[in-house]
Every structure is written in structure tokens, then in C-alpha cells.
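Inspection log for the structure reproduced underneath, given as C-alpha cells.
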Amino acid sequence: MSQMKHIDNTPSTPGKFKIEKSPYNRLRLQFSLAKLIFWSLVIVGLIFVFFYRSPSSSSHVSSDLSRRSLRTSSYGGPAWEKRIKASAKVGSRNGICVLVTGAAGFVGTHVSAALKRRGDGVLGLDNFNDYYDPSLKRARQELLERSGVYIVEADINDATLLKKLFEIVAFTHVMHLAAQAGVRYAMENPSSYVHSNIAGLVNMLEVCKSVNPQPAIVWASSSSVYGLNTNVPFSERDRTDQPASLYAATKKAGEEIAHTYNHIYGLSITGLRFFTVYGPWGRPDMAYFFFTRDILKGKSIPIFEAANHGTVARDFTYIDDIVKGCLGALDTAKKSTGSGGKKKGPAQLRVFNLGNTSPVPVSNLVSILEKLLKVKAKRLVMKLPRNGDVQFTHANISFAQKELGYKPTTDLQTGLKKFVRWYLSYYGNGKKSVQ
Ligand SMILES: O=C(O)[C@H]1O[C@H](OP(=O)(O)OP(=O)(O)OC[C@H]2O[C@@H](n3ccc(=O)[nH]c3=O)[C@H](O)[C@@H]2O)[C@H](O)[C@@H](O)[C@@H]1O
């Protein structure tokens, strides 16, 4: 049909375009030319308006973001580049140079600080979104600034900015921790998971594959990819095709996307399946954190239980153990093999569980908090809602132990003691408001 149309519109004879030299025809030609110019301007104008003004155009959203970020006074210019270079400067022999995305996040802050402490070059990136109280992110930023880590404020979907950063610094590694976290929030705001965990990841990998040299990438997957798996403890070889939440599904998608970029472009990629990470400077949306806040406030806390009073348990993993696992993954990551978007040979592709290997029932977590806070919790036991939660998690960590030298050493009691000490000093015994 469309071919027919095309044929119909084709002039049947070249004679149709024959220019006759009468004054009337010249006038007609000038008029047609004017019309052509007029309509061309109208079309160009419409295209401009569509790409730069339409609120629904996603390409415009990211280009708008990049323009905004490059235009803001703190962006661009020699002073900004100098700050970036100073932050990313490798301070020790054999040190690595790492771009840490989500650097103002819980794990991102701890990993950035640990890298900097041992003399690696570190540059942070974070969009400081308000999924939870941004003032906590700002406080983490201050902490990092004091140790010499600068955080560029931008979204991982901002390709222009990411490319610019790679022009300024030849990062050897990317520690990709920026993500939309949280299992239950995925039912409230599904598109934020697609935006960060899928579109953002792809954007970041697109930039990494096209730069020269390509960095090695280590990124945060999640224990939630095991979903309805019932083999315990969870092994990397177990099935992960039954996610119980959209969050888990986007992390699982991330693992498949990682496979693709490794396969096509020779990017070295390591995925880390974190198991319910907790500790000082943690995330206020996580149970151990808001349980602490609500116990101190005398508010009741909902404790989930499975059918027939079944225990709900998590393999809670302390932040310092996770940091060691992240550094181990960075240190054992092999170089990417591609360059300028072309694969030159097979590259490393790995996935590791980073857990604690000892699941603890949520009710025990509450008992530990009660003792540490010296306050009795108002327990509201309720059926595990159908909102993406799974009944338990339990990591088999033998692969990470063998390849990364990963060995968690902090039990929940010890780790929560450190968390509570931090919480009380940061929020002043519950007097400062926690959002
Ligand atoms: O390790 C992971 O894969 C995931 O760990 C956490 O997810 P989750 O284990 O659900 O952590 P919390 O939201 O802190 O919940 C901990 C436990 O408390 C329970 N819970 C939660 C909330 C509540 O009101 N009551 C309650 O009993 C949950 O069912 C769960 O068993 C993080 O929020 C995810 O971002 C991360 O990817």
C-alpha cells in the first residue's frame, strides 16, 4: 500500500518540472519558493518546539537535564574541572580511579570513603532525589567532602554530563550504586524504578562502552532477584526468574542488560547481590531504621509474619562487610576488552551474593532494638502484605569468599549497637525530627 502511494506521488514525466521562461512563470516560481521557505520555517519551528518544550518528551527531559547541569554555575568551567580532577586524583601506587554513582546514598558514601582512605581516586555522582530525607544525603555529602571526595550533582540519565566526566578523568572503574531502592515503594511509584534501574543503567553502560579506555564496572544488584526461590541458602546458580516485586524485576533486568553489554561491547561487569544492608548512615525507609525511630517515639511498629504464624526473616548484612565485598569486587575486576564501542575479545562477567549467611527473624531484630534503646516496642503483628516482600532471604557466600576473599564478621547484635549509637548521636535521642 505505502509503496503504491509512493509510486502515485512520483512525477510521471520529467516534463512536469520543466521551467518555461515566461514572466508569469518566473513570478509563479518566486511565489512557490517563498511558500517553500515559509513552510520550511514553520516545520523547523514546530520541531524546535516539540523537542525543547514538550513536557512528555523523554529525550527532551534528559537533554534538558544535561543543559541545566552544564549551565548551573557550579557546573562547567575550569574551577569545576579542577575540583573533579582533585577528587579523582589517585593518591597511591597501584591505586584505581573510580566514579561512584549514588555516592550520597548509604552504601555509596561508605564505599567512597573507604576507597579514598586507601588512596584511590574517587569522584561521586548523585541526583539527591527526595525518595527519603535529602538532608541525610547532604550530611553524607559533607562527610565525604571533608575526606576529599567531591560529588557532582546530576542524574545517571544525563549522558552529556557522564561523557563530560569521562573527558575530564579516565576512570578505570565505575562503582554503580545509584538506583531506586526499596521493595514496597515500587507499587507506589513504578516509573521511578524504570527511570533509574533500567533507563539509568542503560545510559551509564552506553557511555562506558563508548569511552576509551572502557572502565570495569561493579554494580548493585539485590538479593530480591531470588524472589520465590525456595532453595536455601540462595546460591548464584539458583533460578532468579520469579521476582516478587517490580523492584526485583528491574534488578533482574539489570543483570540481563549487563550480560548484553558484556557480550556485545566487551565491558567487564560484576553484579553484587546485596542482602538487606544496615548500619550507621543507613536508609530511613528500611525497617531497622524506622523501627528505631518509632520505638523511640512510642509509636506501634508493624511486624510482618507469614501464613500460619510463619517467621519472616532476613539475612541482615552489616555495612562494613558490604564495603569489603565491594572493594574486593573492584580489586579483582579484570579490564574491559573493548574500545570506542567495539569489542576486542571476551570480557569478565560475574555475579556474587554479598550476605551474612545467618538469617534473623524480624521479631528478633525488634528484641535487639528494644534492649539497645531500653524502650519496649509496641508490636503490631500482621500478615505479610502482598506488596513484594518475600518470607526470607539467606545467602550462600562461598563464591564471593573464594573469588573476593569476602568474609562477613559482624553479627546483627554488634551491627545494630553501632547503628543505634550513630542514630542517637545524629538525631539526638529522637528529639531531632526524622522524615
Ligand atoms: O537485600 C535486598 O535485596 C533488599 O533489602 C532491603 O529490602 P528488605 O529486605 O525488604 O528490607 P526492609 O524493608 O528493611 O525489611 C526488612 C524486613 O522487615 C520486614 N518489615 C518491613 C516493614 C514493616 O513495616 N514491617 C516488617 O516486618 C520485611 O518484611 C523484611 O522481612 C532494601 O530495602 C532493598 O533495597 C534491598 O535490595
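By convention here, the chains of the C-alpha cells are called A, B, ... in the order presented, each chain's residues are numbered starting at 1, and ligands are numbered starting at 1 in the order presented.
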Taking the DSSP assignment computed from this structure's backbone, write out as a ChimeraX atom specification all residues of range 157-245 of chain A that belong to strand (DSSP E).
/A:173-176,216-222
Output as a Markdown table one row per residue of chain A within 7 Å of ligand 1: the closest atom pair and its distance in Å to one decimal place, counting only C-alpha atoms and all ligand atoms, sorted by chain and residue number ascending.
| residue | atom | partner | partner_atom_place_in_ligand_line | distance |
| --- | --- | --- | --- | --- |
| A:Ala181 | CA | ligand 1 | 35 (O) | 4.2 |
| A:Gly182 | CA | ligand 1 | 33 (O) | 3.9 |
| A:Val183 | CA | ligand 1 | 33 (O) | 5.7 |
| A:Ser222 | CA | ligand 1 | 3 (O) | 4.0 |
| A:Ser223 | CA | ligand 1 | 3 (O) | 3.7 |
| A:Ser224 | CA | ligand 1 | 3 (O) | 4.2 |
| A:Arg273 | CA | ligand 1 | 3 (O) | 6.8 |
| A:Phe274 | CA | ligand 1 | 1 (O) | 5.0 |
| A:Phe275 | CA | ligand 1 | 1 (O) | 3.4 |
| A:Thr276 | CA | ligand 1 | 1 (O) | 3.4 |
| A:Val277 | CA | ligand 1 | 1 (O) | 6.3 |
| A:Asp285 | CA | ligand 1 | 13 (O) | 6.8 |
| A:Met286 | CA | ligand 1 | 14 (O) | 3.6 |
| A:Ala287 | CA | ligand 1 | 14 (O) | 3.7 |
| A:Tyr288 | CA | ligand 1 | 14 (O) | 5.9 |
| A:Ile301 | CA | ligand 1 | 24 (O) | 6.6 |
| A:Pro302 | CA | ligand 1 | 24 (O) | 4.7 |
| A:Ile303 | CA | ligand 1 | 27 (O) | 3.6 |
| A:Phe304 | CA | ligand 1 | 27 (O) | 3.9 |
| A:Val312 | CA | ligand 1 | 31 (O) | 5.3 |
| A:Ala313 | CA | ligand 1 | 31 (O) | 5.3 |
| A:Arg314 | CA | ligand 1 | 31 (O) | 5.5 |
| A:Val362 | CA | ligand 1 | 18 (O) | 5.6 |
| A:Leu384 | CA | ligand 1 | 29 (O) | 6.7 |
| A:Asp389 | CA | ligand 1 | 29 (O) | 5.5 |
| A:Val390 | CA | ligand 1 | 29 (O) | 6.8 |
| A:Gln391 | CA | ligand 1 | 31 (O) | 6.5 |
| A:Phe392 | CA | ligand 1 | 31 (O) | 6.6 |
Open item on the list: What's around Leu404 in chain A at 6 Å? Count only C-alpha atoms, leave out sequence neighbours fewer than 3 positions away in its own chain, and write the answer as a VMD selection string.
Closed with: chain A and resid 328 400 to 401
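If you look at CA of Tyr427 in chain A and CA of Asp133 in chain A, they are 12.9 Å away from each other.
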| field | For Glu255 in chain A: contacts at 10 Å, only C-alpha atoms, fewer than 3 positions along chain excluded, given as a ChimeraX atom specification | value | /A:219-222,225,249-252,258-260,269-272,349-351
- Task: Would you list the contacts of Leu177 in chain A as a ChimeraX atom specification, taking every protein, DNA or RNA residue within 9 Å and counting only C-alpha atoms, but skipping same-chain residues closer than 6 positions in sequence?
- Result: /A:100-103,105,107-108,218-221
Just to be explicit: take each residue in the selection above, keep N, CA and C atoms, and write the result as an mmCIF file, in the first residue's frame.
data_model
loop_
_atom_site.group_PDB
_atom_site.id
_atom_site.type_symbol
_atom_site.label_atom_id
_atom_site.label_comp_id
_atom_site.auth_asym_id
_atom_site.auth_seq_id
_atom_site.Cartn_x
_atom_site.Cartn_y
_atom_site.Cartn_z
ATOM 1 N N VAL A 100 31.926 6.849 41.438
ATOM 2 C CA VAL A 100 30.917 6.182 42.279
ATOM 3 C C VAL A 100 29.565 6.866 42.067
ATOM 4 N N THR A 101 28.626 6.162 41.453
ATOM 5 C CA THR A 101 27.285 6.742 41.284
ATOM 6 C C THR A 101 26.468 6.426 42.542
ATOM 7 N N GLY A 102 25.574 7.322 42.899
ATOM 8 C CA GLY A 102 24.817 7.152 44.150
ATOM 9 C C GLY A 102 25.717 7.377 45.354
ATOM 10 N N ALA A 103 26.690 8.285 45.198
ATOM 11 C CA ALA A 103 27.699 8.480 46.251
ATOM 12 C C ALA A 103 27.131 9.090 47.529
ATOM 13 N N GLY A 105 24.308 8.164 48.686
ATOM 14 C CA GLY A 105 23.462 7.108 49.246
ATOM 15 C C GLY A 105 24.184 6.399 50.379
ATOM 16 N N VAL A 107 25.196 3.030 50.885
ATOM 17 C CA VAL A 107 26.367 2.215 50.525
ATOM 18 C C VAL A 107 27.388 3.079 49.787
ATOM 19 N N GLY A 108 26.905 3.984 48.937
ATOM 20 C CA GLY A 108 27.802 4.838 48.148
ATOM 21 C C GLY A 108 28.732 5.674 49.008
ATOM 22 N N VAL A 218 31.399 -2.319 38.446
ATOM 23 C CA VAL A 218 30.842 -3.122 39.537
ATOM 24 C C VAL A 218 29.537 -2.438 39.913
ATOM 25 N N TRP A 219 28.450 -3.183 40.039
ATOM 26 C CA TRP A 219 27.170 -2.521 40.298
ATOM 27 C C TRP A 219 26.308 -3.301 41.291
ATOM 28 N N ALA A 220 25.339 -2.601 41.862
ATOM 29 C CA ALA A 220 24.497 -3.185 42.896
ATOM 30 C C ALA A 220 23.263 -3.856 42.329
ATOM 31 N N SER A 221 23.242 -5.186 42.414
ATOM 32 C CA SER A 221 22.001 -5.917 42.175
ATOM 33 C C SER A 221 21.375 -6.124 43.554
#
ask   = Leaving out Pro280 in chain A and any residue of its chain fewer than 2 positions from it, which residues lie within 7 Å of it when counting only C-alpha atoms, given as a PyMOL selection string?
value = chain A and resi 282+418-419+422-423
Just the selected residues (N, CA and C atoms), exported as a short mmCIF file (atom, residue, chain, number, x, y, z; two decimals), in the first residue's frame, please.
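Ended up saving to result20.cif:
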data_model
loop_
_atom_site.label_atom_id
_atom_site.label_comp_id
_atom_site.auth_asym_id
_atom_site.auth_seq_id
_atom_site.Cartn_x
_atom_site.Cartn_y
_atom_site.Cartn_z
N GLY A 282 22.45 4.81 57.54
CA GLY A 282 21.60 3.97 56.70
C GLY A 282 20.42 4.68 56.08
N LYS A 418 26.12 -0.51 66.83
CA LYS A 418 26.82 0.60 66.17
C LYS A 418 25.81 1.53 65.49
N PHE A 419 24.77 0.93 64.92
CA PHE A 419 23.75 1.77 64.27
C PHE A 419 23.05 2.67 65.30
N TRP A 422 25.11 5.54 66.44
CA TRP A 422 25.12 6.60 65.43
C TRP A 422 23.77 7.34 65.41
N TYR A 423 22.67 6.58 65.44
CA TYR A 423 21.34 7.17 65.34
C TYR A 423 21.13 8.19 66.46
#
- Rounded to one decimal place, report the CA of Leu365 in chain A-CA of Phe106 in chain A distance in Å.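 Taking CA of Leu365 in chain A as the start and CA of Phe106 in chain A as the end point, the length is 20.0 Å.
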Shortest interatomic distance to Arg146 in chain A - which of A:Thr292, A:Asn197, A:Gln242, A:Ser87, counting only C-alpha atoms |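 Ranked by minimum distance to Arg146 in chain A, first place goes to A:Ser87.
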Exercise. Quick one, how far is CA of Leu162 in chain A from CA of Cys208 in chain A?
Worked result: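 Interatomic distance, CA of Leu162 in chain A to CA of Cys208 in chain A: 9.0 Å.
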